[in-house]
file target.txt (compact mmCIF, C-alpha atoms and all ligand atoms)
# COMPACT_ATOMS: atom_id res chain seq x y z
CA MET A 1 54.06 0.20 -106.52
CA ARG A 2 57.04 1.12 -104.36
CA ASP A 3 57.40 0.08 -100.76
CA THR A 4 60.50 1.40 -99.05
CA THR A 5 62.11 1.21 -95.60
CA ARG A 6 60.76 4.71 -95.02
CA HIS A 7 57.22 3.40 -95.55
CA GLN A 8 57.94 0.46 -93.26
CA GLY A 9 59.16 2.81 -90.54
CA LYS A 10 55.97 4.86 -90.83
CA ARG A 11 53.90 1.68 -90.53
CA ARG A 12 55.66 0.67 -87.33
CA LEU A 13 54.75 4.08 -85.88
CA LEU A 14 51.15 3.70 -87.08
CA ALA A 15 50.91 0.27 -85.39
CA LYS A 16 52.29 1.85 -82.20
CA THR A 17 49.64 4.61 -82.34
CA VAL A 18 46.89 2.03 -82.82
CA GLU A 19 48.29 -0.02 -79.91
CA GLU A 20 48.37 3.07 -77.68
CA LYS A 21 44.67 3.60 -78.46
CA GLY A 22 43.97 0.20 -76.89
CA ILE A 23 44.37 -2.55 -79.52
CA THR A 24 46.09 -5.59 -78.01
CA ASP A 25 45.74 -8.35 -80.66
CA GLU A 26 49.36 -8.74 -81.84
CA ARG A 27 48.26 -10.30 -85.12
CA VAL A 28 46.24 -7.19 -86.00
CA LEU A 29 49.21 -4.96 -85.13
CA ASP A 30 51.52 -7.19 -87.20
CA ALA A 31 49.16 -6.90 -90.18
CA ILE A 32 49.27 -3.08 -89.90
CA LYS A 33 53.09 -3.22 -89.81
CA LYS A 34 53.12 -5.42 -92.89
CA ILE A 35 50.47 -4.03 -95.28
CA PRO A 36 51.60 -1.15 -97.55
CA ARG A 37 48.57 1.09 -96.88
CA HIS A 38 49.99 3.85 -99.11
CA LEU A 39 49.44 1.62 -102.14
CA PHE A 40 45.71 1.42 -101.36
CA MET A 41 45.24 5.10 -102.17
CA ASP A 42 46.21 7.44 -104.96
CA SER A 43 49.97 8.06 -104.98
CA SER A 44 49.45 11.83 -104.62
CA PHE A 45 48.00 11.19 -101.14
CA GLU A 46 50.88 9.06 -99.98
CA ASP A 47 51.67 11.42 -97.10
CA HIS A 48 48.26 10.68 -95.57
CA ALA A 49 48.59 6.91 -95.71
CA TYR A 50 50.24 6.39 -92.35
CA GLN A 51 48.19 8.80 -90.32
CA ASP A 52 45.51 7.14 -88.25
CA LYS A 53 42.76 8.62 -90.41
CA ALA A 54 40.08 7.57 -92.87
CA PHE A 55 40.69 8.86 -96.39
CA PRO A 56 38.64 9.34 -99.60
CA ILE A 57 39.15 6.76 -102.37
CA ALA A 58 37.41 6.11 -105.72
CA ALA A 59 33.62 6.25 -106.20
CA ASP A 60 33.07 8.63 -103.24
CA GLN A 61 34.05 5.97 -100.75
CA THR A 62 36.62 5.87 -97.98
CA ILE A 63 39.42 3.66 -96.76
CA SER A 64 38.59 3.15 -93.07
CA GLN A 65 40.73 4.59 -90.29
CA PRO A 66 43.41 2.06 -89.24
CA TYR A 67 42.23 2.17 -85.61
CA THR A 68 38.67 1.35 -86.72
CA VAL A 69 39.90 -1.52 -88.91
CA ALA A 70 41.92 -2.85 -85.96
CA PHE A 71 39.03 -2.42 -83.51
CA GLN A 72 36.55 -4.31 -85.70
CA THR A 73 39.08 -7.03 -86.53
CA GLU A 74 39.93 -7.54 -82.85
CA LEU A 75 36.23 -7.98 -82.05
CA LEU A 76 36.06 -10.82 -84.60
CA GLU A 77 38.65 -12.86 -82.59
CA ILE A 78 39.84 -14.58 -85.75
CA LYS A 79 41.51 -17.97 -85.72
CA LYS A 80 43.62 -19.18 -88.64
CA GLY A 81 41.41 -20.79 -91.29
CA ASP A 82 38.21 -19.05 -90.13
CA LEU A 83 35.66 -18.26 -92.82
CA ILE A 84 35.09 -14.52 -92.73
CA LEU A 85 32.58 -12.53 -94.77
CA GLU A 86 33.30 -8.83 -95.29
CA ILE A 87 30.59 -6.43 -96.45
CA GLY A 88 32.09 -3.41 -98.25
CA THR A 89 35.39 -4.41 -99.89
CA GLY A 90 36.20 -0.77 -100.69
CA SER A 91 39.95 -0.30 -101.07
CA GLY A 92 40.63 -3.87 -99.96
CA TYR A 93 42.69 -2.77 -96.94
CA GLN A 94 40.47 -4.56 -94.43
CA THR A 95 40.41 -7.58 -96.76
CA ALA A 96 44.22 -7.62 -96.70
CA VAL A 97 44.26 -7.46 -92.88
CA LEU A 98 41.95 -10.48 -92.72
CA CYS A 99 44.07 -12.39 -95.27
CA GLU A 100 47.26 -11.61 -93.31
CA MET A 101 45.64 -13.12 -90.24
CA GLY A 102 45.06 -16.40 -92.07
CA ALA A 103 41.30 -16.06 -92.57
CA LYS A 104 39.51 -17.43 -95.62
CA VAL A 105 37.96 -14.20 -96.84
CA TYR A 106 34.76 -13.62 -98.80
CA SER A 107 33.96 -9.99 -99.56
CA ILE A 108 31.12 -8.09 -101.25
CA GLU A 109 31.23 -4.62 -102.84
CA ARG A 110 28.26 -2.89 -104.45
CA GLN A 111 30.18 -0.32 -106.51
CA HIS A 112 31.26 -1.97 -109.72
CA GLU A 113 34.15 0.41 -110.34
CA LEU A 114 35.66 -0.27 -106.91
CA PHE A 115 35.01 -3.99 -107.15
CA LYS A 116 36.99 -4.20 -110.39
CA LEU A 117 39.85 -1.94 -109.26
CA THR A 118 40.27 -3.67 -105.92
CA ARG A 119 40.10 -7.19 -107.33
CA LYS A 120 42.94 -6.38 -109.69
CA PHE A 121 44.93 -4.54 -107.05
CA LEU A 122 44.72 -7.25 -104.36
CA THR A 123 45.89 -9.85 -106.89
CA LYS A 124 48.81 -7.63 -107.83
CA LEU A 125 49.80 -7.32 -104.18
CA GLY A 126 49.63 -11.09 -103.77
CA TYR A 127 46.49 -11.34 -101.62
CA ARG A 128 44.21 -14.26 -102.36
CA PRO A 129 40.79 -13.85 -100.79
CA LYS A 130 38.55 -16.89 -101.43
CA ARG A 131 36.01 -14.78 -103.26
CA LEU A 132 35.35 -11.14 -104.11
CA THR A 133 31.90 -10.38 -105.46
CA PHE A 134 29.99 -7.46 -106.85
CA GLY A 135 26.60 -7.37 -105.17
CA ASP A 136 24.41 -6.30 -102.29
CA GLY A 137 25.88 -6.88 -98.87
CA TYR A 138 22.46 -6.82 -97.18
CA LYS A 139 21.93 -10.30 -98.61
CA GLY A 140 25.28 -11.73 -97.47
CA MET A 141 26.68 -14.73 -99.37
CA PRO A 142 24.29 -17.59 -98.65
CA ASP A 143 26.10 -19.97 -101.02
CA TYR A 144 29.23 -19.89 -98.87
CA ALA A 145 27.58 -19.64 -95.42
CA PRO A 146 27.82 -20.34 -92.52
CA PHE A 147 30.69 -18.05 -91.51
CA ASP A 148 32.81 -17.85 -88.36
CA GLY A 149 32.65 -14.09 -88.59
CA ILE A 150 30.96 -11.33 -90.58
CA ILE A 151 32.34 -7.79 -90.63
CA VAL A 152 30.35 -4.88 -92.03
CA THR A 153 32.54 -1.90 -92.97
CA ALA A 154 29.76 0.62 -93.70
CA GLY A 155 27.15 2.14 -91.38
CA ALA A 156 24.04 -0.04 -91.33
CA PRO A 157 20.67 1.60 -90.54
CA PHE A 158 19.55 -1.76 -89.09
CA ILE A 159 20.96 -5.27 -88.65
CA PRO A 160 20.24 -7.26 -91.83
CA LYS A 161 18.52 -10.56 -90.92
CA PRO A 162 20.27 -12.61 -93.67
CA LEU A 163 23.63 -11.83 -92.02
CA LEU A 164 22.47 -13.27 -88.69
CA ALA A 165 21.22 -16.37 -90.50
CA GLN A 166 24.64 -16.85 -92.14
CA LEU A 167 26.58 -17.10 -88.84
CA LYS A 168 27.80 -20.42 -87.44
CA VAL A 169 26.84 -21.14 -83.84
CA GLY A 170 29.66 -19.36 -81.99
CA GLY A 171 30.07 -17.01 -84.98
CA LYS A 172 30.26 -13.23 -84.60
CA LEU A 173 28.79 -10.33 -86.55
CA VAL A 174 30.65 -7.03 -86.11
CA ILE A 175 28.56 -4.18 -87.48
CA PRO A 176 28.37 -0.40 -86.97
CA VAL A 177 24.67 0.36 -86.53
CA GLY A 178 23.05 3.78 -86.95
CA LYS A 179 22.26 6.54 -89.43
CA GLN A 180 24.11 9.81 -88.59
CA HIS A 181 26.69 8.07 -86.46
CA GLN A 182 27.05 4.40 -85.62
CA VAL A 183 27.40 2.28 -82.52
CA MET A 184 29.87 -0.56 -82.96
CA THR A 185 27.88 -3.68 -82.24
CA ARG A 186 28.92 -7.30 -81.89
CA ILE A 187 26.37 -10.08 -82.06
CA VAL A 188 27.39 -13.63 -81.13
CA ARG A 189 25.21 -16.54 -82.19
CA THR A 190 25.36 -18.56 -78.98
CA ALA A 191 22.81 -21.22 -80.05
CA PRO A 192 20.84 -21.81 -83.28
CA THR A 193 18.11 -19.41 -82.18
CA LYS A 194 20.00 -17.34 -79.60
CA PHE A 195 21.95 -14.15 -80.30
CA GLU A 196 23.81 -12.04 -77.75
CA LYS A 197 24.46 -8.38 -78.43
CA MET A 198 27.15 -6.07 -77.01
CA GLU A 199 27.85 -2.42 -77.90
CA TYR A 200 31.30 -0.84 -78.10
CA GLY A 201 30.99 2.93 -78.54
CA GLU A 202 30.47 5.38 -81.37
CA PHE A 203 32.13 5.44 -84.78
CA ARG A 204 31.50 7.15 -88.11
CA PHE A 205 31.16 5.27 -91.41
CA VAL A 206 29.91 5.89 -94.93
CA PRO A 207 26.41 4.43 -95.22
CA LEU A 208 25.64 0.81 -96.11
CA LEU A 209 23.49 1.58 -99.13
CA GLU A 210 20.39 -0.36 -100.00
CA ASP A 211 20.22 -2.03 -103.37
CA LYS A 212 20.26 0.51 -106.19
CA ASN A 213 19.09 -1.96 -108.85
N1 LIG B 301 36.62 -2.16 -95.94
C1 LIG B 301 36.85 -0.95 -96.69
C2 LIG B 301 35.93 0.16 -96.22
C3 LIG B 301 35.32 0.87 -97.37
S1 LIG B 301 34.02 2.00 -97.01
C4 LIG B 301 38.30 -0.53 -96.64
O1 LIG B 301 39.05 -1.08 -95.82
O2 LIG B 301 38.71 0.30 -97.45
C5 LIG B 301 32.58 0.98 -97.18
C6 LIG B 301 32.37 0.27 -98.48
O3 LIG B 301 31.08 -0.36 -98.43
C7 LIG B 301 32.35 1.16 -99.72
O4 LIG B 301 33.28 0.68 -100.65
C8 LIG B 301 30.91 1.03 -100.25
O5 LIG B 301 30.82 1.10 -101.66
C9 LIG B 301 30.51 -0.34 -99.72
N2 LIG B 301 29.06 -0.55 -99.63
C10 LIG B 301 28.08 0.33 -99.31
N3 LIG B 301 26.88 -0.27 -99.32
C11 LIG B 301 27.09 -1.58 -99.64
C12 LIG B 301 26.24 -2.71 -99.80
N4 LIG B 301 24.91 -2.65 -99.65
N5 LIG B 301 26.82 -3.90 -100.13
C13 LIG B 301 28.16 -4.01 -100.29
N6 LIG B 301 29.01 -2.97 -100.15
C14 LIG B 301 28.49 -1.77 -99.83
call {"tool": "encode", "arguments": {"input": "target.txt", "output": "structure tokens", "more": "lines below"}}
Ligand code: SAH
result
Amino acid sequence: MRDTTRHQGKRRLLAKTVEEKGITDERVLDAIKKIPRHLFMDSSFEDHAYQDKAFPIAADQTISQPYTVAFQTELLEIKKGDLILEIGTGSGYQTAVLCEMGAKVYSIERQHELFKLTRKFLTKLGYRPKRLTFGDGYKGMPDYAPFDGIIVTAGAPFIPKPLLAQLKVGGKLVIPVGKQHQVMTRIVRTAPTKFEKMEYGEFRFVPLLEDKN
């Protein structure tokens, strides 16, 4: 668990790359500068950690590309203290970004191995999400709803209804929708029964898997 000035220098460059690709939210860029991404992957892959690329992690999953993490986070327009639900904890990198921005984070992961590893790892790094659970993201977390924002970090074949129901009025769902490739979609609940949808271009994610139990 080493973090050196060399790593910090690489992170500043990564944040600059992400900024040059169009991210303007300073708090997102600050989080990228601060979070030791190399510790979220196996130490033998350290050289890949500060490239703006997705990378394989345990259980056949991936740590999302930093630009994609930043893009989705920016769309959430987080304010300090917001309740944010993340679907797909994975490596915990996105979770850490949300924590750095002062959000109260709830996150769901369906792979037990990853859930256990990441829970331990985030604690070790000093991150304190409100709740990490092992379960099916399609269902959301009704016990802790409504949320100011919900972020889905895997490709969803359709928009799960329970997630819409768990948004506050004014809350936002940021979700990549599609099978082979995904269209980044943001849905804002503008009134109890009114939802406004905007699309933000194509991305590629691992699939949001339906319940295996
Ligand atoms: N946010 C992660 C991205 C991980 S990739 C990061 O920053 O590293 C997407 C994650 O979604 C994987 O860990 C995968 O296991 C998880 N996932 C897939 N289907 C899911 C579901 N139905 N519910 C919860 N998590 C799911």
call {"tool": "residues_around", "arguments": {"input": "target.txt", "residues": "stretch 105-119 of chain A", "least_positions_apart": "6", "cutoff": "8 Å", "atoms": "all atoms listed in the file", "output": "PyMOL selection string"}}
result
chain A and resi 58-59+83-92+95+98-99+129-137+140
call {"tool": "write_last_selection", "arguments": {"input": "target.txt", "atoms": "C-alpha atoms", "output": "PDB file, keeping the file's coordinate frame"}}
result
ATOM      1  CA  ALA A  58      37.410   6.110-105.720  1.00  0.00           C
ATOM      2  CA  ALA A  59      33.620   6.250-106.200  1.00  0.00           C
ATOM      3  CA  LEU A  83      35.660 -18.260 -92.820  1.00  0.00           C
ATOM      4  CA  ILE A  84      35.090 -14.520 -92.730  1.00  0.00           C
ATOM      5  CA  LEU A  85      32.580 -12.530 -94.770  1.00  0.00           C
ATOM      6  CA  GLU A  86      33.300  -8.830 -95.290  1.00  0.00           C
ATOM      7  CA  ILE A  87      30.590  -6.430 -96.450  1.00  0.00           C
ATOM      8  CA  GLY A  88      32.090  -3.410 -98.250  1.00  0.00           C
ATOM      9  CA  THR A  89      35.390  -4.410 -99.890  1.00  0.00           C
ATOM     10  CA  GLY A  90      36.200  -0.770-100.690  1.00  0.00           C
ATOM     11  CA  SER A  91      39.950  -0.300-101.070  1.00  0.00           C
ATOM     12  CA  GLY A  92      40.630  -3.870 -99.960  1.00  0.00           C
ATOM     13  CA  THR A  95      40.410  -7.580 -96.760  1.00  0.00           C
ATOM     14  CA  LEU A  98      41.950 -10.480 -92.720  1.00  0.00           C
ATOM     15  CA  CYS A  99      44.070 -12.390 -95.270  1.00  0.00           C
ATOM     16  CA  PRO A 129      40.790 -13.850-100.790  1.00  0.00           C
ATOM     17  CA  LYS A 130      38.550 -16.890-101.430  1.00  0.00           C
ATOM     18  CA  ARG A 131      36.010 -14.780-103.260  1.00  0.00           C
ATOM     19  CA  LEU A 132      35.350 -11.140-104.110  1.00  0.00           C
ATOM     20  CA  THR A 133      31.900 -10.380-105.460  1.00  0.00           C
ATOM     21  CA  PHE A 134      29.990  -7.460-106.850  1.00  0.00           C
ATOM     22  CA  GLY A 135      26.600  -7.370-105.170  1.00  0.00           C
ATOM     23  CA  ASP A 136      24.410  -6.300-102.290  1.00  0.00           C
ATOM     24  CA  GLY A 137      25.880  -6.880 -98.870  1.00  0.00           C
ATOM     25  CA  GLY A 140      25.280 -11.730 -97.470  1.00  0.00           C
TER      26      GLY A 140
END
call {"tool": "residues_around", "arguments": {"input": "target.txt", "residues": "A:Val183", "least_positions_apart": "3", "cutoff": "9 Å", "atoms": "only C-alpha atoms", "output": "count of residues only"}}
result
11
call {"tool": "closest_residue", "arguments": {"input": "target.txt", "among": "A:Lys194, A:Arg12, A:Lys179, A:Lys139", "to": "ligand LIG 301 (chain B)", "atoms": "only C-alpha atoms and all ligand atoms"}}
result
A:Lys139
call {"tool": "closest_residue", "arguments": {"input": "target.txt", "among": "A:Lys80, A:Lys172, A:Lys53, A:Lys124", "to": "ligand LIG 301 (chain B)", "atoms": "all atoms listed in the file"}}
result
A:Lys53
call {"tool": "closest_residue", "arguments": {"input": "target.txt", "among": "A:Gly9, A:Pro157, A:Gly102, A:Pro36", "to": "A:Pro207", "atoms": "all atoms listed in the file"}}
result
A:Pro157
call {"tool": "closest_residue", "arguments": {"input": "target.txt", "among": "A:Met141, A:Ala156, A:Met41, A:Leu125", "to": "A:His181", "atoms": "only C-alpha atoms"}}
result
A:Ala156
call {"tool": "atom_distance", "arguments": {"input": "target.txt", "atom1": "atom CA of A:Ile78", "atom2": "atom CA of A:Phe147"}}
result
11.4 Å
call {"tool": "atom_distance", "arguments": {"input": "target.txt", "atom1": "atom CA of A:Val97", "atom2": "atom CA of A:Thr185"}}
result
19.9 Å
call {"tool": "closest_residue", "arguments": {"input": "target.txt", "among": "A:Ala49, A:Ala54, A:Val169, A:Leu209", "to": "ligand LIG 301 (chain B)", "atoms": "all atoms listed in the file"}}
result
A:Leu209
call {"tool": "atom_distance", "arguments": {"input": "target.txt", "atom1": "atom N6 of ligand LIG 301 (chain B)", "atom2": "atom CA of A:Asp148"}}
result
19.4 Å
call {"tool": "axis_aligned_box", "arguments": {"input": "target.txt", "around": "stretch 119-123 of chain A", "padding_each_side": "5 Å", "output": "AutoDock Vina command-line options"}}
result
--center_x 43.0 --center_y -7.2 --center_z -107.0 --size_x 15.8 --size_y 15.3 --size_z 15.3
call {"tool": "closest_residue", "arguments": {"input": "target.txt", "among": "A:His38, A:Arg6, A:Arg186, A:Lys21", "to": "ligand LIG 301 (chain B)", "atoms": "all atoms listed in the file"}}
result
A:His38
call {"tool": "residues_around", "arguments": {"input": "target.txt", "residues": "stretch 75-77 of chain A", "least_positions_apart": "6", "cutoff": "8 Å", "atoms": "only C-alpha atoms", "output": "PyMOL selection string"}}
result
chain A and resi 149-151+172-174+186
